[in-house]
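Novice: There's a structure below that I have some questions on.
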Amino acid sequence: MTVFTLTEAEREAFLLPRLAALTARHRDACPPYARILAAIGSAPPYARVADLPWLPVRLFKTHELRSVPEERVFRVLTSSGTTGQAPSRIHLDREAAAAQPRMLAATLRTVLGEQRLPMLIVDSRAAVRGPALSARGAGVLGMMNLGRHYTFVLDEGGEVDAAAVRAFLTRHGGGRFLIFGFTFMVWLHLRELGLDLSRGILIHSGGWKRLADQAVDAAGFRSTLRRECGLTRVHDFYGMVEQIGTVFLEGPDGDGLYCPDFANVLVRDPETWEEAPPGVPGVVEVVSTLPTSYPGHVLLTEDLGVVHGVDDGVWPGKRFSVLGRLPRAEVRGCSDTAVAT
Amino acid sequence: MTPAGALVEVLFPAARAVTAEALLDELASGGALRAGDGRMRDFLAAFGRRLLAPDLARRHPELASLGFFLRPGELARTVDGLRGRHLRVPRGLILHIPPANVDTVFVYSWALSALMGNRNVVRVSPRSGAVATTIVRTLQETLAGADPVVAATQRIVTYDRSDVVTSALSAACDLRVIWGGDRTVAEIRRHPLAPHARDLTFPDRSSFAVVRAAAWLEAPPDTRDAVADGFASDSYWFDQAACSSPRTVFWVGSAADCDAARAAFTTCLARAVARRGWTVDTAMAVEKRVSTYGLAADGAAGTIGFHGNTLASVVLAAPEAAPRRWLGAGTFAHTRLGALAELARLVRRKDQTLTHFGFARAELEALAESLAGRGVDRMVPIGGALSFHRVWDGVDLPAEFTRLVTITG
């Protein structure tokens with residue numbers, strides 16, 4: 001069973017009524033959202049997914065937006081806001097909280113298979129402990145649901161624990177195993193192990209900014225890991241706390257990120273805000289049917305991306321890349337931005 | 001003993017590094033200037049002339065405004081304006097802390113203080129831009145023909161975060177001038193002044209425009225274009241983040257007039273912005289969506305409209321919702337008042353500049369009197385928001401930069 005089955009036309013037909021219904025549901029249940037739609041003059045009928053009103057993702061940092069009454073909020077997720085910024089707060093009811101790990105698992109099952117695999121975590125156990133869990137720690141914990149027999153690549157001090165990894169490989173290296181880590185951590189720590197990881201399936205995420213600083217791109221990342229660790233099954237994914245449970249997964253050939261059946265991506269021209277054709281970079285909009293308890297089903301991200309092709313890859317639908325983050329708006333005014341004493 | 005990190009990089013009169021103590025010693029032994037001193041006047045006028053040189057003015061139009069501000073006639077008016085029954089003398093040593101992101105502010109503040117005969121230390125941010133560099137270079141070039149007293153009494157310096165230096169300069173000065181927002185003021189105020197000294201602060205302010213709807217509707221097309229053009233330059237020059245750039249437009253008149261005027265004005269403004277070639281980048285476009293959608297979520301915005309990325313218009317749910325905070329370059333809130341006098345209950349201490357169109361001076365004076373100092377320090381025609389004047393933020397700067405000596409014969 002896989003959730004990468006719908007062609008672009010099928011996906012549009014599947015998503016449009018569901019996302020339009022979510023728009024109506026959130027409009028009824030979330031007064032601030034209803035006021036936004038009224039102010040921008042957005043009203044049904046919506047003929048295309050691209051016509052649905054999007055919210056800038058940062059609004060979840062500045063406003064409390066939820067479509068369930070306070071007593072039905074089961075969990076509030078927060079993002080690791082960048083310095084000086086409030087974190088996003090995402091309100092989940094019991095139903096939404098249950099759906100998100102289920103759909104994440106369904107998405108990754110496509111490359112991991114039905115079994116929970118032994119899991120090598122390119123991080124330290126310290127990252128998943130403590131009352132104040134970092135976003136990285138939360139990401140690791142979320143992924144741990146998909147594995148078993150966990151071994152952390154880094155010790156408590158953040159040093160590579162080669163002995164632990166060797167022991168893991170002795171026990172589990174004969175069959176398939178899962179490796180998870182943040183892209184930069186993987187690049188930093190996996191290569192120096194000098195071990196044969198060829199039966200591993202690497203799932204990684206977290207963005208390319210720090211690797212781009214070292215002039216490492218996705219292709220270089222894949223070819224280096226193949227050469228130095230024997231890793232051939234490598235899957236990047238793209239996702240955000242504001243659409244928790246929805247991840248866009250890199251295909252087996254590394255030819256871009258693919259959308260699960262319950263989600264899609266649009267790249268918008270930053271001048272006209274119309275959908276940009278394949279090959280033309282713009283601002284990434286993500287849509288997903290998972291956000292039922294908060295109006296996050298149609299979000300304009302602050303990421304730049306490009307659609308490479310539609311229904312032309314190993315899985316149906318769009319395949320795309322994320323090119324980087326929009327910079328923060330720079331201001332020239334006289335109210336100071338930073339103080340030097 | 002001074003820690004190694006407490007060096008001050010002097011940019012003017014000549015580049016070198018000294019300790020704060022050495023800097024203060026030099027200034028203490030520098031020559032004496034009188035208020036309105038002819039030697040300083042000559043230097044400022046010569047500096048102003050250089051700023052008006054065509055190639056410089058073309059590259060940095062804001063320097064031409066500065067050059068205009070420093071023309072000899074204006075300097076003379078400033079000095080003459082302070083004649084009175086008392087003898088005016090310099091205040092002493094003035095420490096200026098200008099904002100990092102408007103490069104020209106420090107020159108206005110410093111020039112008026114220097115004209116009044118003070119010894120000055122101007123602390124330029126290490127983050128300041130190309131314009132600041134050009135200004136310092138031009139000042140150095142002007143020094144060639146100037147009296148030595150200029151170099152002996154004036155310092156432009158820069159240093160990166162140093163409590164030691166800021167404390168030393170603060171303790172030594174007679175007046176500290178802090179531009180650049182609430183946070184800067186709070187931060188700098190941690191450093192005590194001498195008992196007799198005081199602060200002159202320019203904290204965060206916000207500004208708005210008022211237009212009589214009927215006057216706009218009756219105005220001929222070229223007047224409308226000129227007003228829209230002035231409004232655009234008031235707003236877009238510093239990404240609408242200057243304290244005196246308007247954020248809200250109050251339309252005064254009947255609902256029908258105000259709706260019609262607002263719509264026509266927005267079209268005119270979009271054209272004016274396009275004529276000037278002002279654009280905003282994608283990050284700014286997103287910023288504007290976040291802030292305007294946020295106003296709608298809060299119930300402050302009735303409708304939001306976008307003329308491309310450069311111009312966003314928000315019709316407020318009520319005049320009380322007029323936003324004071326920055327909403328992104330080219331984001332204007334609109335609301336309606338039945339009469340100008342209604343502003344009296346809406347104005348806050350933070351409000352600085354009222355730019356206007358369609359009102360008689362007497363009406364504006366009546367408004368100012370009813371406000372009685374509760375806010376609004378400047379009322380200038382639309383297009384004049386950014387023109388610096390020696391009276392700024394309700395403060396007569398040349399007067400602040402001097403003391404009065406009472407002499408009874």
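By order of appearance in the structure tokens: chains A, B, ..., then residues from 1 within every chain, and ligands from 1 in the order shown.
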If you count only C-alpha atoms, which residues fall within 9 Å of Thr201 (chain B), apart from same-chain ones fewer than 3 positions away, as a PyMOL selection string?
Specialist: chain B and resi 176-181+185
Novice: Residues of chain B within 7 Å of chain A: nearest atom pair and distance (Å, one decimal) for each, counting only C-alpha atoms, sorted by chain and number, as CSV?
Specialist:
residue,atom,partner,partner_atom,distance
B:Pro99,CA,A:Asp336,CA,5.6
B:Ala100,CA,A:Asp336,CA,6.5
B:Asn101,CA,A:Arg332,CA,5.4
B:Val102,CA,A:Cys334,CA,5.5
B:Asp160,CA,A:Ala340,CA,6.3
B:Arg161,CA,A:Ala340,CA,4.4
B:Ser162,CA,A:Thr341,CA,5.4
B:Asp163,CA,A:Thr341,CA,5.5
B:Thr166,CA,A:Thr341,CA,6.0
B:Gly180,CA,A:Asp336,CA,4.6
B:Gly181,CA,A:Ser335,CA,4.6
B:Thr184,CA,A:Val339,CA,5.5
B:Ile188,CA,A:Thr341,CA,6.4
B:Asp204,CA,A:Ser335,CA,5.7
B:Phe238,CA,A:Gly333,CA,5.0
B:Asp239,CA,A:Arg332,CA,6.0
B:Gln240,CA,A:Gly333,CA,6.8
B:Ala241,CA,A:Gly333,CA,4.0
B:Ala242,CA,A:Gly333,CA,4.2
B:Cys243,CA,A:Cys334,CA,6.4
B:Thr282,CA,A:Pro270,CA,5.9
B:Ala283,CA,A:Ala329,CA,5.0
B:Met284,CA,A:Ala329,CA,4.9
B:Glu287,CA,A:Ala329,CA,6.8
B:Arg289,CA,A:Pro56,CA,6.8
B:Val290,CA,A:Pro56,CA,6.0
B:Tyr293,CA,A:Ile36,CA,5.8
B:Gly294,CA,A:Leu59,CA,6.8
B:Ala296,CA,A:Ile36,CA,5.0
B:Ala297,CA,A:Pro32,CA,4.1
B:Asp298,CA,A:Pro32,CA,6.5
B:Gly299,CA,A:Arg35,CA,6.6
B:Ala301,CA,A:Ala39,CA,6.8
B:Gly302,CA,A:Ala39,CA,5.4
B:Thr303,CA,A:Ala39,CA,3.9
B:Ile304,CA,A:Ile40,CA,5.2
B:Gly305,CA,A:Ile40,CA,6.7
B:Gly308,CA,A:Glu271,CA,6.9
B:Asn309,CA,A:Glu271,CA,6.6
Novice: Limited to C-alpha atoms, could you put the picked residues into a file as a short mmCIF file (atom, residue, chain, number, x, y, z; two decimals), in the first residue's frame?
Specialist:
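Printed below is selection_5.cif as written:
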data_model
loop_
_atom_site.label_atom_id
_atom_site.label_comp_id
_atom_site.auth_asym_id
_atom_site.auth_seq_id
_atom_site.Cartn_x
_atom_site.Cartn_y
_atom_site.Cartn_z
CA PRO B 99 20.13 55.09 14.28
CA ALA B 100 22.01 52.44 12.34
CA ASN B 101 19.74 52.37 9.35
CA VAL B 102 19.16 55.98 8.33
CA ASP B 160 31.06 47.64 18.28
CA ARG B 161 29.05 46.93 21.43
CA SER B 162 31.16 48.22 24.25
CA ASP B 163 29.63 49.11 27.58
CA THR B 166 29.45 54.02 26.08
CA GLY B 180 16.70 55.23 16.84
CA GLY B 181 13.84 53.80 18.79
CA THR B 184 18.06 51.95 21.81
CA ILE B 188 21.71 53.55 26.29
CA ASP B 204 9.78 55.20 18.20
CA PHE B 238 12.62 54.54 3.85
CA ASP B 239 10.35 51.55 3.23
CA GLN B 240 7.63 53.39 5.16
CA ALA B 241 9.55 52.71 8.35
CA ALA B 242 10.68 56.29 8.94
CA CYS B 243 8.95 57.72 12.02
CA THR B 282 9.28 38.93 -2.32
CA ALA B 283 10.17 38.91 1.36
CA MET B 284 8.54 42.31 1.79
CA GLU B 287 5.65 40.53 5.20
CA ARG B 289 0.48 39.69 3.69
CA VAL B 290 1.36 38.58 7.21
CA TYR B 293 -3.99 39.34 7.27
CA GLY B 294 -3.08 39.74 10.93
CA ALA B 296 -8.00 41.21 9.56
CA ALA B 297 -7.69 38.30 12.00
CA ASP B 298 -7.73 40.81 14.86
CA GLY B 299 -10.88 42.40 13.49
CA ALA B 301 -9.32 45.44 8.98
CA GLY B 302 -12.62 45.45 7.16
CA THR B 303 -11.18 44.90 3.69
CA ILE B 304 -7.70 44.34 2.31
CA GLY B 305 -6.69 45.07 -1.27
CA GLY B 308 0.52 44.29 -6.95
CA ASN B 309 3.13 43.82 -4.26
#
Novice: Of the residues B:Leu87, B:Arg212, B:Val280, B:Ser207, which is the one nearest to Asp377 (chain B), using only C-alpha atoms?
Specialist: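 Nearest to Asp377 (chain B): B:Ser207.
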Novice: Tell me, as a list in words, which residues lie within 7 Å of Gly92 (chain B), counting only C-alpha atoms; anything in the same chain fewer than 3 positions away does not count.
Specialist: Asn118, Arg119 and Asp174 of chain B
Novice: Going by DSSP on the backbone, which residues of region 59-188 of chain A come out as helix (DSSP H, G or I)? List them as a PyMOL selection string.
Specialist: chain A and resi 59-62+70-72+94-112+125-128+135-144+162-172+183-188
Novice: Hey, what does DSSP flag as strand (DSSP E or B) within region 234-339 of chain A? Can you give it to me as a PDB file with C-alpha atoms, in the first residue's frame?
Specialist:
ATOM      1  CA  VAL A 234      18.354   7.945   0.360  1.00  0.00           C
ATOM      2  CA  HIS A 235      15.192  10.014   0.829  1.00  0.00           C
ATOM      3  CA  ASP A 236      15.060  13.656   1.788  1.00  0.00           C
ATOM      4  CA  PHE A 237      11.726  14.987   2.967  1.00  0.00           C
ATOM      5  CA  TYR A 238      10.155  18.398   3.315  1.00  0.00           C
ATOM      6  CA  PHE A 248       6.880  15.553   0.754  1.00  0.00           C
ATOM      7  CA  LEU A 249       9.236  12.676   0.092  1.00  0.00           C
ATOM      8  CA  GLU A 250      12.185  12.460  -2.237  1.00  0.00           C
ATOM      9  CA  LEU A 257      10.228  15.654  -3.786  1.00  0.00           C
ATOM     10  CA  TYR A 258       6.865  13.953  -4.371  1.00  0.00           C
ATOM     11  CA  ALA A 263      -1.392  16.777  -0.258  1.00  0.00           C
ATOM     12  CA  ASN A 264      -0.027  18.853  -3.086  1.00  0.00           C
ATOM     13  CA  VAL A 265       2.357  21.669  -3.750  1.00  0.00           C
ATOM     14  CA  LEU A 266       1.986  24.804  -5.869  1.00  0.00           C
ATOM     15  CA  VAL A 267       4.743  27.196  -6.778  1.00  0.00           C
ATOM     16  CA  ARG A 268       3.524  30.772  -7.034  1.00  0.00           C
ATOM     17  CA  GLU A 275       0.778  29.429 -10.248  1.00  0.00           C
ATOM     18  CA  GLY A 282       8.632  30.856  -6.971  1.00  0.00           C
ATOM     19  CA  VAL A 283       7.176  30.699  -3.482  1.00  0.00           C
ATOM     20  CA  VAL A 284       6.034  27.269  -2.296  1.00  0.00           C
ATOM     21  CA  GLU A 285       2.403  26.759  -1.274  1.00  0.00           C
ATOM     22  CA  VAL A 286       1.539  23.494   0.428  1.00  0.00           C
ATOM     23  CA  VAL A 287      -1.950  22.033   0.688  1.00  0.00           C
ATOM     24  CA  SER A 288      -3.000  19.064   2.771  1.00  0.00           C
ATOM     25  CA  VAL A 298      -3.616  25.848   2.424  1.00  0.00           C
ATOM     26  CA  LEU A 299      -0.373  27.582   3.397  1.00  0.00           C
ATOM     27  CA  LEU A 300       2.001  29.916   1.655  1.00  0.00           C
ATOM     28  CA  THR A 301       5.430  29.001   3.007  1.00  0.00           C
ATOM     29  CA  GLU A 302       8.465  31.270   3.155  1.00  0.00           C
ATOM     30  CA  ASP A 303      10.404  28.809   1.034  1.00  0.00           C
ATOM     31  CA  LEU A 304      11.393  29.191  -2.596  1.00  0.00           C
ATOM     32  CA  GLY A 305      10.935  26.172  -4.789  1.00  0.00           C
ATOM     33  CA  VAL A 306      10.492  24.921  -8.301  1.00  0.00           C
ATOM     34  CA  VAL A 307       8.330  22.209  -9.857  1.00  0.00           C
ATOM     35  CA  HIS A 308      10.484  20.041 -12.114  1.00  0.00           C
ATOM     36  CA  GLY A 309       7.729  18.060 -13.791  1.00  0.00           C
ATOM     37  CA  VAL A 310       4.219  16.708 -13.510  1.00  0.00           C
ATOM     38  CA  LYS A 318       4.346  16.826  -9.202  1.00  0.00           C
ATOM     39  CA  ARG A 319       7.986  16.507  -8.357  1.00  0.00           C
ATOM     40  CA  PHE A 320       9.706  19.589  -6.997  1.00  0.00           C
ATOM     41  CA  SER A 321      12.671  20.971  -5.084  1.00  0.00           C
ATOM     42  CA  VAL A 322      12.947  23.497  -2.309  1.00  0.00           C
ATOM     43  CA  LEU A 323      15.585  26.059  -3.260  1.00  0.00           C
ATOM     44  CA  GLY A 324      15.968  27.924   0.011  1.00  0.00           C
ATOM     45  CA  ARG A 325      14.271  30.309   2.367  1.00  0.00           C
TER      46      ARG A 325
END
Novice: Determine, counting only C-alpha atoms, which protein, DNA and RNA residues have an atom within 9 Å of an atom of Trp187 (chain A); residues of the same chain fewer than 5 positions away are not included. Present the result as number ranges by chain.
Specialist: A: 182, 211, 221, 225
Novice: Extract, using only C-alpha atoms, all DNA, RNA and protein residues at most 7 Å from Thr151 (chain A), discarding same-chain residues fewer than 6 positions from it, and format them as a ChimeraX atom specification.
Specialist: /A:119-121,168
